[in-house]
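Structure file protein-v4.txt; described as compact mmCIF, C-alpha atoms and all ligand atoms.
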```txt
# COMPACT_ATOMS: atom_id res chain seq x y z
CA MET X 274 61.18 60.93 47.05
CA TYR X 275 59.43 60.30 50.39
CA ASP X 276 57.70 56.91 50.58
CA GLU X 277 54.23 57.58 52.01
CA ASN X 278 53.86 53.87 52.84
CA ASN X 279 56.86 53.55 55.15
CA VAL X 280 56.11 52.13 58.60
CA PHE X 281 56.75 55.38 60.50
CA ALA X 282 54.39 57.29 58.18
CA LYS X 283 51.77 54.68 59.10
CA ILE X 284 52.49 55.19 62.81
CA LEU X 285 52.15 58.96 62.39
CA CYS X 286 48.75 58.70 60.71
CA GLY X 287 47.54 56.17 63.31
CA GLU X 288 47.28 53.30 60.83
CA ILE X 289 49.53 51.12 62.99
CA PRO X 290 50.09 51.42 66.74
CA CYS X 291 53.24 52.35 68.63
CA LYS X 292 54.29 52.51 72.26
CA LYS X 293 54.38 56.30 72.48
CA PHE X 294 56.78 57.74 75.04
CA TYR X 295 56.89 61.46 74.20
CA GLU X 296 55.20 63.86 71.83
CA SER X 297 55.71 67.52 70.99
CA ASP X 298 54.40 69.85 68.28
CA TYR X 299 56.74 68.48 65.61
CA SER X 300 58.22 65.28 67.02
CA LEU X 301 57.26 61.87 68.34
CA ALA X 302 59.20 59.29 70.38
CA PHE X 303 58.21 55.65 70.75
CA GLU X 304 59.78 52.33 71.70
CA ASP X 305 61.60 50.38 69.02
CA LEU X 306 59.63 47.22 68.20
CA TYR X 307 62.81 45.10 68.31
CA PRO X 308 64.87 46.64 71.13
CA GLN X 309 68.60 46.08 70.83
CA ARG X 310 69.42 47.34 74.33
CA LYS X 311 67.50 47.68 77.63
CA ILE X 312 66.36 51.08 76.44
CA HIS X 313 65.76 51.51 72.73
CA MET X 314 63.66 54.49 71.78
CA LEU X 315 63.11 56.09 68.38
CA VAL X 316 62.63 59.83 67.90
CA ILE X 317 61.10 61.02 64.63
CA PRO X 318 59.90 64.32 63.21
CA LYS X 319 56.19 64.42 62.37
CA GLY X 320 57.03 65.96 59.00
CA LYS X 321 57.83 63.89 55.94
CA TYR X 322 61.64 63.77 55.89
CA ILE X 323 63.61 60.82 54.60
CA ASP X 324 66.81 61.36 56.54
CA LEU X 325 68.91 63.94 58.38
CA ASP X 326 70.13 65.61 55.21
CA ASP X 327 66.60 65.96 53.82
CA PHE X 328 65.53 67.33 57.22
CA ASN X 329 68.31 69.91 57.44
CA ALA X 330 67.69 71.00 53.85
CA ASN X 331 63.92 71.30 54.05
CA ALA X 332 62.57 71.50 57.59
CA THR X 333 61.66 74.77 59.27
CA LYS X 334 63.83 76.09 62.11
CA GLU X 335 60.98 75.33 64.50
CA GLU X 336 60.94 71.69 63.38
CA VAL X 337 64.71 71.36 63.68
CA VAL X 338 64.83 72.88 67.17
CA ASP X 339 61.84 70.85 68.31
CA PHE X 340 63.37 67.60 67.03
CA PHE X 341 66.77 68.03 68.65
CA ARG X 342 65.19 69.21 71.90
CA ALA X 343 62.85 66.19 71.80
CA ILE X 344 65.89 63.92 71.99
CA SER X 345 66.97 65.53 75.25
CA GLU X 346 63.41 65.60 76.58
CA VAL X 347 63.36 61.85 76.06
CA SER X 348 66.78 61.23 77.63
CA SER X 349 65.75 63.42 80.57
CA LYS X 350 62.46 61.58 81.01
CA LEU X 351 64.28 58.24 80.81
CA LYS X 352 66.89 59.45 83.34
CA ILE X 353 69.78 58.35 81.15
CA GLN X 354 71.66 61.61 80.67
CA ALA X 355 75.43 61.59 81.26
CA MET X 356 75.26 61.90 85.06
CA GLU X 357 72.82 58.98 85.12
CA GLY X 358 74.94 56.67 82.99
CA GLY X 359 74.66 58.11 79.50
CA TYR X 360 73.35 56.77 76.24
CA ARG X 361 74.04 56.62 72.50
CA ILE X 362 72.18 58.15 69.60
CA ILE X 363 72.42 56.70 66.11
CA SER X 364 70.86 57.81 62.84
CA ASN X 365 71.35 55.58 59.83
CA ILE X 366 71.28 57.30 56.45
CA GLY X 367 70.80 55.52 53.14
CA ALA X 368 72.03 52.13 51.99
CA ASN X 369 75.62 52.38 53.25
CA GLY X 370 74.33 53.66 56.60
CA GLY X 371 72.01 50.67 56.90
CA GLN X 372 68.78 52.69 56.99
CA GLU X 373 65.76 50.41 56.77
CA VAL X 374 62.88 52.82 57.36
CA PRO X 375 63.01 55.84 55.04
CA HIS X 376 61.66 58.38 57.54
CA LEU X 377 64.24 60.27 59.63
CA HIS X 378 64.74 58.69 63.05
CA PHE X 379 67.29 58.81 65.80
CA HIS X 380 67.80 55.68 67.86
CA ILE X 381 68.32 56.30 71.59
CA LEU X 382 70.11 53.34 73.16
CA GLY X 383 70.92 52.99 76.85
CA GLY X 384 69.95 51.60 80.21
CA GLU X 385 73.18 49.56 80.17
CA ARG X 386 76.63 49.69 78.56
CA VAL X 387 75.82 49.97 74.88
CA GLY X 388 79.19 48.55 73.81
CA ARG X 389 81.60 49.23 70.98
CA MET X 390 80.57 51.94 68.59
CA LEU X 391 80.68 49.59 65.61
CA ALA X 392 80.66 45.82 65.44
CA PRO X 393 83.55 44.31 63.48
CA LYS X 394 82.86 44.57 59.77
CA THR X 395 81.48 41.42 58.19
CA GLY X 396 80.82 40.74 54.54
P1 LIG X 401 66.94 51.76 60.72
O1 LIG X 401 67.63 50.49 60.34
O2 LIG X 401 67.87 52.80 61.29
O3 LIG X 401 66.10 52.31 59.59
O4 LIG X 401 65.99 51.42 61.92
C1 LIG X 401 64.65 51.08 61.80
C2 LIG X 401 64.18 50.65 63.16
O5 LIG X 401 62.78 50.65 63.17
C3 LIG X 401 64.64 49.27 63.60
O6 LIG X 401 65.37 49.36 64.81
C4 LIG X 401 63.32 48.51 63.78
O7 LIG X 401 63.38 47.61 64.86
C5 LIG X 401 62.35 49.62 64.02
N1 LIG X 401 60.95 49.33 63.68
C6 LIG X 401 60.48 48.77 62.55
N2 LIG X 401 59.14 48.72 62.57
C7 LIG X 401 58.76 49.29 63.75
C8 LIG X 401 57.50 49.53 64.37
N3 LIG X 401 56.34 49.20 63.78
N4 LIG X 401 57.48 50.13 65.58
C9 LIG X 401 58.64 50.46 66.19
N5 LIG X 401 59.85 50.27 65.65
C10 LIG X 401 59.91 49.68 64.46
```
Take the structure from the file and write it as structure tokens.
Amino acid sequence: MYDENNVFAKILCGEIPCKKFYESDYSLAFEDLYPQRKIHMLVIPKGKYIDLDDFNANATKEEVVDFFRAISEVSSKLKIQAMEGGYRIISNIGANGGQEVPHLHFHILGGERVGRMLAPKTG
């Protein structure tokens, strides 16, 4: 069940601030509070979806199209598309995926070489 008190729900209702970078009808992009690379942006749907599987199962086609296009609107605005160096998107899902905030989000990482896809496994 969707947790109405998660931090991104609070950003969406204006309860806590964010550094907004892009907004469309159904999506919002803002800077990650603890950037892990020179560019670290988060893209989220405005609707209440826990993760990508919840989104694909329950979102409207308009929401899905808007969300995936929002990612490229952001990468275009940031000038990090493939010809400009490229970037990585990551979406963590559930406990094994390492998801901390239970509202669907894609991380956009770039502005420099992001590095190996996965760090060596520890623990
Ligand atoms: P994940 O582990 O995939 O759920 O990622 C959650 C991300 O949200 C982390 O990269 C956090 O740094 C980021 N984060 C947590 N709180 C905030 C906030 N208030 N504003 C922006 N980003 C946040």
**Selected residue, from X:Gly367, X:Val387, X:Pro290, X:Tyr299, that lies nearest to Val338 (chain X) when counting only C-alpha atoms** = X:Tyr299
**Message:** To one decimal place in Å, what is the distance between CA of Lys311 (chain X) and CA of Gly370 (chain X)?
**Reply:**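 Atom-to-atom, CA of Lys311 (chain X) and CA of Gly370 (chain X) are spaced 22.9 Å apart.
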Around region 278-288 of chain X, with edges along x, y and z and 4 Å added on all six sides, what centre and edge lengths do you get, in Å to one decimal, as JSON?
```
{"center_x": 52.1, "center_y": 55.5, "center_z": 58.1, "size_x": 17.6, "size_y": 14.8, "size_z": 18.5}
```
**Request:** Can you pull out every residue within 12 Å of region 341-345 of chain X, counting all atoms listed in the file, but drop anything in the same chain fewer than 3 positions away, and send it as a ChimeraX atom specification?
**Result:** /X:294-303,314-319,325,328-329,334-338,348-355,359-363,378-382
**Request:** For ligand LIG 401 (chain X), list the contacting residues at 9 Å or closer, counting only C-alpha atoms and all ligand atoms, as a VMD selection string.
**Result:** chain X and resid 280 to 281 283 to 284 289 to 292 303 to 309 313 to 315 363 to 367 370 to 380
Could those residues be written to a file, using C-alpha atoms, as a PDB file, in the frame of the given file?
```pdb
ATOM      1  CA  VAL X 280      56.110  52.130  58.600  1.00  0.00           C
ATOM      2  CA  PHE X 281      56.750  55.380  60.500  1.00  0.00           C
ATOM      3  CA  LYS X 283      51.770  54.680  59.100  1.00  0.00           C
ATOM      4  CA  ILE X 284      52.490  55.190  62.810  1.00  0.00           C
ATOM      5  CA  ILE X 289      49.530  51.120  62.990  1.00  0.00           C
ATOM      6  CA  PRO X 290      50.090  51.420  66.740  1.00  0.00           C
ATOM      7  CA  CYS X 291      53.240  52.350  68.630  1.00  0.00           C
ATOM      8  CA  LYS X 292      54.290  52.510  72.260  1.00  0.00           C
ATOM      9  CA  PHE X 303      58.210  55.650  70.750  1.00  0.00           C
ATOM     10  CA  GLU X 304      59.780  52.330  71.700  1.00  0.00           C
ATOM     11  CA  ASP X 305      61.600  50.380  69.020  1.00  0.00           C
ATOM     12  CA  LEU X 306      59.630  47.220  68.200  1.00  0.00           C
ATOM     13  CA  TYR X 307      62.810  45.100  68.310  1.00  0.00           C
ATOM     14  CA  PRO X 308      64.870  46.640  71.130  1.00  0.00           C
ATOM     15  CA  GLN X 309      68.600  46.080  70.830  1.00  0.00           C
ATOM     16  CA  HIS X 313      65.760  51.510  72.730  1.00  0.00           C
ATOM     17  CA  MET X 314      63.660  54.490  71.780  1.00  0.00           C
ATOM     18  CA  LEU X 315      63.110  56.090  68.380  1.00  0.00           C
ATOM     19  CA  ILE X 363      72.420  56.700  66.110  1.00  0.00           C
ATOM     20  CA  SER X 364      70.860  57.810  62.840  1.00  0.00           C
ATOM     21  CA  ASN X 365      71.350  55.580  59.830  1.00  0.00           C
ATOM     22  CA  ILE X 366      71.280  57.300  56.450  1.00  0.00           C
ATOM     23  CA  GLY X 367      70.800  55.520  53.140  1.00  0.00           C
ATOM     24  CA  GLY X 370      74.330  53.660  56.600  1.00  0.00           C
ATOM     25  CA  GLY X 371      72.010  50.670  56.900  1.00  0.00           C
ATOM     26  CA  GLN X 372      68.780  52.690  56.990  1.00  0.00           C
ATOM     27  CA  GLU X 373      65.760  50.410  56.770  1.00  0.00           C
ATOM     28  CA  VAL X 374      62.880  52.820  57.360  1.00  0.00           C
ATOM     29  CA  PRO X 375      63.010  55.840  55.040  1.00  0.00           C
ATOM     30  CA  HIS X 376      61.660  58.380  57.540  1.00  0.00           C
ATOM     31  CA  LEU X 377      64.240  60.270  59.630  1.00  0.00           C
ATOM     32  CA  HIS X 378      64.740  58.690  63.050  1.00  0.00           C
ATOM     33  CA  PHE X 379      67.290  58.810  65.800  1.00  0.00           C
ATOM     34  CA  HIS X 380      67.800  55.680  67.860  1.00  0.00           C
TER      35      HIS X 380
END
```
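Nearest to Asp327 (chain X) of all the residues X:Arg386, X:Glu357, X:Cys286, X:Met274 is X:Met274, based on only C-alpha atoms.
With CA of Gly388 (chain X) on one side and CA of Met356 (chain X) on the other, the separation reads 17.9 Å.
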**Asked** Which residue, X:Gly383, X:Gly320, X:Thr395, X:Val347, has the smallest gap to Lys293 (chain X) when you use only C-alpha atoms?
**Response**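 Of the candidates, the smallest distance to Lys293 (chain X) is held by X:Val347.
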**Message:** Report, in Å with one decimal, the straight-line distance from CA of Asp276 (chain X) to CA of Tyr322 (chain X).
**Reply:**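 Going from CA of Asp276 (chain X) over to CA of Tyr322 (chain X) covers 9.5 Å.
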